[in-house]
Amino acid sequence: KGGYKAYRRWSLNQFERQWPLRIIGGKTGSGKTSLLLSLEKQGISIIDLEGIANHKGSSFGGIGVSSQPTSEHFENSLAEKLNLLKLTSKKGIWIEDESISLGKCRIPKAFFTQMKNAPLLEIVRTKKERVQALVEEYGKHPPEDLTEATLRISKRLGPQRTAIALDAIKNKSWEEACLSMLDYYDKCYDFSLEKIENKKQIDISGMNNQSAAIKLIKIGRVY
């Protein structure tokens, strides 16, 4: 009733409501998205923002995926997902820690503010596990796509790290390529984490996603 304008008002109003959010944080390669989907299999309410946006967030986030929805379509899909979860949301809605932009899709500011104020559970894996996960995820893609993504962040990486990364990609030395960029991404993450007061660290090194999800749920119930 009221047509699309009324629907859009309803959609945007969903982001002004207060939602019981819980955030999964962790450094690049920690497997946050996989863990989030494992939580869903355990009956936990989740929102996969990267899935809705069809983008993984970083400069490398658009590699290997099809085109993104428009920002308006992204907002509508997120509002619909929240509406579906409103009956079960009292137990908490788990979301991966993200920057406000996922490629060309932008998280609505009111909802993003809620995310930044929500409790954060930071998952920790060893650097070896993280590098292995990144190699498995990105090593299968064309080197030219990885080169292009690396060049987009070259100013932030600096000339030395950029040169090392590009050379490693050229030689398909995937572990070296990952290591050359992880230091930059880890520093960015540590900087953003300092701004969050309500946080708890959980070591899931060596655990599969199912076991890690169960551990996260147990801790999340009391945190």
# chains A, B, ... in the order shown; residues from 1 in each chain; ligands from 1

call {"tool": "closest_atom_pairs", "arguments": {"of": "region 62-167 of chain A", "to": "region 40-57 of chain A", "cutoff": "6 Å", "atoms": "only C-alpha atoms", "output": "CSV"}}
result
residue,atom,partner,partner_atom,distance
A:Gly62,CA,A:His55,CA,5.2
A:Gln68,CA,A:Asn54,CA,5.5
A:Ile93,CA,A:Ser45,CA,5.0
A:Trp94,CA,A:Ile46,CA,4.6
A:Ile95,CA,A:Ile47,CA,5.4
A:Leu102,CA,A:Gly57,CA,4.4

call {"tool": "closest_atom_pairs", "arguments": {"of": "region 173-214 of chain A", "to": "region 4-24 of chain A", "cutoff": "12 Å", "atoms": "only C-alpha atoms", "output": "tab-separated table"}}
result
residue	atom	partner	partner_atom	distance
A:Leu193	CA	A:Ile24	CA	11.9
A:Ile196	CA	A:Ile23	CA	11.1
A:Asn198	CA	A:Ile23	CA	10.3
A:Lys199	CA	A:Ile23	CA	9.1
A:Lys200	CA	A:Ile24	CA	10.0
A:Gln201	CA	A:Ile24	CA	10.1
A:Ile202	CA	A:Ile24	CA	10.2
A:Ala213	CA	A:Ile24	CA	11.0

call {"tool": "write_last_selection", "arguments": {"atoms": "all heavy atoms", "output": "JSON list (two decimals), in the first residue's frame"}}
result
[["chain", "number", "residue", "atom", "x", "y", "z"],
["A", 193, "LEU", "N", 40.49, -1.47, 15.92],
["A", 193, "LEU", "CA", 40.07, -2.19, 17.13],
["A", 193, "LEU", "C", 40.27, -1.34, 18.38],
["A", 193, "LEU", "O", 39.52, -1.48, 19.35],
["A", 193, "LEU", "CB", 40.87, -3.50, 17.25],
["A", 193, "LEU", "CG", 40.34, -4.54, 18.25],
["A", 193, "LEU", "CD1", 38.99, -5.07, 17.78],
["A", 193, "LEU", "CD2", 41.33, -5.68, 18.39],
["A", 196, "ILE", "N", 37.22, 0.43, 19.78],
["A", 196, "ILE", "CA", 36.09, -0.34, 20.29],
["A", 196, "ILE", "C", 36.31, -0.69, 21.75],
["A", 196, "ILE", "O", 37.33, -1.30, 22.10],
["A", 196, "ILE", "CB", 35.88, -1.62, 19.44],
["A", 196, "ILE", "CG1", 35.62, -1.23, 17.98],
["A", 196, "ILE", "CG2", 34.74, -2.46, 20.00],
["A", 196, "ILE", "CD1", 35.57, -2.42, 17.04],
["A", 198, "ASN", "N", 33.85, -2.29, 23.92],
["A", 198, "ASN", "CA", 33.19, -3.53, 24.35],
["A", 198, "ASN", "C", 33.63, -4.69, 23.46],
["A", 198, "ASN", "O", 33.02, -4.98, 22.44],
["A", 198, "ASN", "CB", 31.67, -3.35, 24.27],
["A", 198, "ASN", "CG", 30.92, -4.46, 24.99],
["A", 198, "ASN", "OD1", 31.53, -5.37, 25.56],
["A", 198, "ASN", "ND2", 29.60, -4.39, 24.95],
["A", 199, "LYS", "N", 34.72, -5.36, 23.84],
["A", 199, "LYS", "CA", 35.28, -6.41, 22.99],
["A", 199, "LYS", "C", 35.88, -7.52, 23.84],
["A", 199, "LYS", "O", 36.28, -7.32, 24.98],
["A", 199, "LYS", "CB", 36.36, -5.82, 22.06],
["A", 199, "LYS", "CG", 37.50, -5.16, 22.80],
["A", 199, "LYS", "CD", 38.34, -4.30, 21.88],
["A", 199, "LYS", "CE", 39.38, -3.51, 22.68],
["A", 199, "LYS", "NZ", 40.04, -2.47, 21.91],
["A", 200, "LYS", "N", 35.93, -8.70, 23.24],
["A", 200, "LYS", "CA", 36.50, -9.87, 23.90],
["A", 200, "LYS", "C", 37.20, -10.72, 22.86],
["A", 200, "LYS", "O", 36.68, -10.91, 21.76],
["A", 200, "LYS", "CB", 35.42, -10.69, 24.60],
["A", 200, "LYS", "CG", 35.95, -11.86, 25.44],
["A", 200, "LYS", "CD", 34.82, -12.57, 26.14],
["A", 200, "LYS", "CE", 35.32, -13.71, 27.00],
["A", 200, "LYS", "NZ", 36.14, -13.25, 28.13],
["A", 201, "GLN", "N", 38.37, -11.23, 23.20],
["A", 201, "GLN", "CA", 39.16, -12.03, 22.26],
["A", 201, "GLN", "C", 38.94, -13.52, 22.51],
["A", 201, "GLN", "O", 38.93, -13.98, 23.65],
["A", 201, "GLN", "CB", 40.64, -11.69, 22.41],
["A", 201, "GLN", "CG", 41.52, -12.17, 21.28],
["A", 201, "GLN", "CD", 42.95, -11.71, 21.44],
["A", 201, "GLN", "OE1", 43.73, -12.30, 22.19],
["A", 201, "GLN", "NE2", 43.31, -10.65, 20.72],
["A", 202, "ILE", "N", 38.78, -14.28, 21.41],
["A", 202, "ILE", "CA", 38.55, -15.73, 21.50],
["A", 202, "ILE", "C", 39.50, -16.44, 20.56],
["A", 202, "ILE", "O", 39.46, -16.22, 19.34],
["A", 202, "ILE", "CB", 37.09, -16.09, 21.13],
["A", 202, "ILE", "CG1", 36.11, -15.30, 22.00],
["A", 202, "ILE", "CG2", 36.85, -17.58, 21.28],
["A", 202, "ILE", "CD1", 34.69, -15.39, 21.53],
["A", 213, "ALA", "N", 32.26, -22.37, 16.10],
["A", 213, "ALA", "CA", 30.94, -21.77, 16.25],
["A", 213, "ALA", "C", 30.33, -22.12, 17.60],
["A", 213, "ALA", "O", 29.75, -21.26, 18.28],
["A", 213, "ALA", "CB", 30.03, -22.24, 15.12]]

call {"tool": "residues_around", "arguments": {"residues": "region 178-187 of chain A", "least_positions_apart": "4", "cutoff": "10 Å", "atoms": "only C-alpha atoms", "output": "MDAnalysis selection string"}}
result
chainID A and resid 26:29 58 127:128 130:132 134:135 138:139 150 153 156:158 160:166 168:169 173:174 191:193

call {"tool": "closest_residue", "arguments": {"among": "A:Val124, A:Asn171, A:Lys140, A:Glu96", "to": "Leu39 (chain A)", "atoms": "only C-alpha atoms"}}
result
A:Glu96

call {"tool": "closest_residue", "arguments": {"among": "A:Ser99, A:Gln210, A:Thr126, A:Thr147", "to": "Tyr189 (chain A)", "atoms": "only C-alpha atoms"}}
result
A:Ser99

call {"tool": "closest_residue", "arguments": {"among": "A:Asn76, A:Ser205, A:Ser30, A:Asn83", "to": "Cys105 (chain A)", "atoms": "only C-alpha atoms"}}
result
A:Asn76

call {"tool": "select_by_dssp", "arguments": {"residues": "region 6-121 of chain A", "states": "helix (DSSP H, G or I)", "output": "PyMOL selection string"}}
result
chain A and resi 6-13+32-41+49-53+71-85+89-91+109-117

call {"tool": "write_last_selection", "arguments": {"atoms": "N, CA and C atoms", "output": "compact mmCIF listing (two decimals), in the first residue's frame"}}
result
# COMPACT_ATOMS: atom_id res chain seq x y z
N ALA A 6 6.37 4.26 -0.31
CA ALA A 6 6.01 3.79 1.04
C ALA A 6 6.92 2.64 1.46
N TYR A 7 7.21 1.77 0.50
CA TYR A 7 8.12 0.65 0.79
C TYR A 7 9.50 1.16 1.18
N ARG A 8 10.00 2.16 0.46
CA ARG A 8 11.33 2.71 0.76
C ARG A 8 11.34 3.35 2.15
N ARG A 9 10.28 4.03 2.52
CA ARG A 9 10.20 4.61 3.87
C ARG A 9 10.27 3.51 4.91
N TRP A 10 9.52 2.44 4.66
CA TRP A 10 9.55 1.30 5.58
C TRP A 10 10.96 0.72 5.64
N SER A 11 11.58 0.55 4.47
CA SER A 11 12.92 -0.03 4.40
C SER A 11 13.92 0.79 5.21
N LEU A 12 13.96 2.09 5.01
CA LEU A 12 14.91 2.96 5.71
C LEU A 12 14.61 3.04 7.20
N ASN A 13 13.34 2.91 7.56
CA ASN A 13 12.97 2.94 8.98
C ASN A 13 13.52 1.74 9.75
N LYS A 32 36.13 -15.18 9.10
CA LYS A 32 34.94 -14.63 9.77
C LYS A 32 33.65 -15.01 9.05
N THR A 33 33.66 -14.91 7.72
CA THR A 33 32.44 -15.22 6.97
C THR A 33 32.07 -16.69 7.09
N SER A 34 33.05 -17.57 6.98
CA SER A 34 32.78 -19.01 7.12
C SER A 34 32.24 -19.33 8.49
N LEU A 35 32.80 -18.68 9.51
CA LEU A 35 32.34 -18.90 10.88
C LEU A 35 30.92 -18.38 11.05
N LEU A 36 30.64 -17.23 10.45
CA LEU A 36 29.29 -16.67 10.53
C LEU A 36 28.27 -17.64 9.95
N LEU A 37 28.58 -18.24 8.82
CA LEU A 37 27.66 -19.19 8.18
C LEU A 37 27.55 -20.47 9.01
N SER A 38 28.61 -20.84 9.73
CA SER A 38 28.54 -21.99 10.62
C SER A 38 27.65 -21.70 11.82
N LEU A 39 27.65 -20.47 12.28
CA LEU A 39 26.75 -20.07 13.36
C LEU A 39 25.29 -20.21 12.93
N GLU A 40 25.02 -19.85 11.68
CA GLU A 40 23.66 -19.99 11.16
C GLU A 40 23.21 -21.44 11.17
N LYS A 41 24.12 -22.36 10.86
CA LYS A 41 23.79 -23.79 10.89
C LYS A 41 23.49 -24.27 12.30
N LEU A 49 26.43 -9.61 5.44
CA LEU A 49 26.46 -8.37 4.67
C LEU A 49 27.23 -8.54 3.36
N GLU A 50 28.31 -9.30 3.40
CA GLU A 50 29.11 -9.51 2.19
C GLU A 50 28.31 -10.29 1.15
N GLY A 51 27.48 -11.23 1.63
CA GLY A 51 26.64 -11.99 0.71
C GLY A 51 25.58 -11.12 0.06
N ILE A 52 24.98 -10.22 0.85
CA ILE A 52 23.96 -9.32 0.31
C ILE A 52 24.57 -8.33 -0.68
N ALA A 53 25.79 -7.84 -0.35
CA ALA A 53 26.45 -6.86 -1.21
C ALA A 53 27.19 -7.51 -2.36
N SER A 71 23.06 0.33 -4.56
CA SER A 71 23.03 0.65 -3.13
C SER A 71 21.60 0.58 -2.59
N GLU A 72 20.65 1.02 -3.39
CA GLU A 72 19.25 1.00 -2.96
C GLU A 72 18.75 -0.43 -2.80
N HIS A 73 19.10 -1.28 -3.76
CA HIS A 73 18.72 -2.70 -3.68
C HIS A 73 19.37 -3.35 -2.47
N PHE A 74 20.63 -3.01 -2.20
CA PHE A 74 21.34 -3.53 -1.03
C PHE A 74 20.60 -3.14 0.25
N GLU A 75 20.21 -1.88 0.35
CA GLU A 75 19.48 -1.42 1.54
C GLU A 75 18.16 -2.16 1.70
N ASN A 76 17.44 -2.32 0.59
CA ASN A 76 16.16 -3.03 0.66
C ASN A 76 16.34 -4.49 1.10
N SER A 77 17.36 -5.15 0.56
CA SER A 77 17.62 -6.55 0.92
C SER A 77 18.00 -6.68 2.39
N LEU A 78 18.79 -5.73 2.88
CA LEU A 78 19.17 -5.74 4.30
C LEU A 78 17.96 -5.51 5.19
N ALA A 79 17.09 -4.58 4.79
CA ALA A 79 15.87 -4.32 5.56
C ALA A 79 14.97 -5.56 5.59
N GLU A 80 14.85 -6.24 4.46
CA GLU A 80 14.04 -7.46 4.40
C GLU A 80 14.61 -8.54 5.32
N LYS A 81 15.94 -8.66 5.33
CA LYS A 81 16.57 -9.65 6.19
C LYS A 81 16.33 -9.34 7.66
N LEU A 82 16.46 -8.08 8.04
CA LEU A 82 16.19 -7.68 9.42
C LEU A 82 14.74 -7.98 9.79
N ASN A 83 13.83 -7.71 8.87
CA ASN A 83 12.42 -7.97 9.12
C ASN A 83 12.15 -9.46 9.35
N LEU A 84 12.84 -10.31 8.59
CA LEU A 84 12.68 -11.75 8.75
C LEU A 84 13.20 -12.22 10.12
N LEU A 85 14.21 -11.51 10.64
CA LEU A 85 14.84 -11.94 11.89
C LEU A 85 14.22 -11.32 13.13
N SER A 89 15.30 -12.19 16.91
CA SER A 89 16.43 -11.30 17.16
C SER A 89 16.73 -11.09 18.64
N LYS A 90 15.80 -11.46 19.53
CA LYS A 90 16.06 -11.26 20.95
C LYS A 90 17.27 -12.05 21.41
N LYS A 91 17.59 -13.12 20.72
CA LYS A 91 18.76 -13.93 21.07
C LYS A 91 20.04 -13.36 20.48
N LYS A 109 23.96 4.53 7.54
CA LYS A 109 24.72 5.11 8.65
C LYS A 109 24.15 4.75 10.02
N ALA A 110 22.82 4.81 10.17
CA ALA A 110 22.21 4.52 11.47
C ALA A 110 22.50 3.08 11.89
N PHE A 111 22.44 2.16 10.93
CA PHE A 111 22.70 0.75 11.23
C PHE A 111 24.18 0.54 11.49
N PHE A 112 25.04 1.22 10.72
CA PHE A 112 26.48 1.10 10.91
C PHE A 112 26.89 1.60 12.30
N THR A 113 26.24 2.66 12.76
CA THR A 113 26.52 3.18 14.10
C THR A 113 26.17 2.14 15.16
N GLN A 114 25.06 1.43 14.96
CA GLN A 114 24.71 0.35 15.89
C GLN A 114 25.77 -0.75 15.89
N MET A 115 26.27 -1.07 14.71
CA MET A 115 27.31 -2.09 14.60
C MET A 115 28.54 -1.69 15.40
N LYS A 116 28.93 -0.43 15.31
CA LYS A 116 30.14 0.04 15.98
C LYS A 116 29.96 0.12 17.50
N ASN A 117 28.74 0.20 17.95
CA ASN A 117 28.47 0.26 19.39
C ASN A 117 28.14 -1.10 19.99
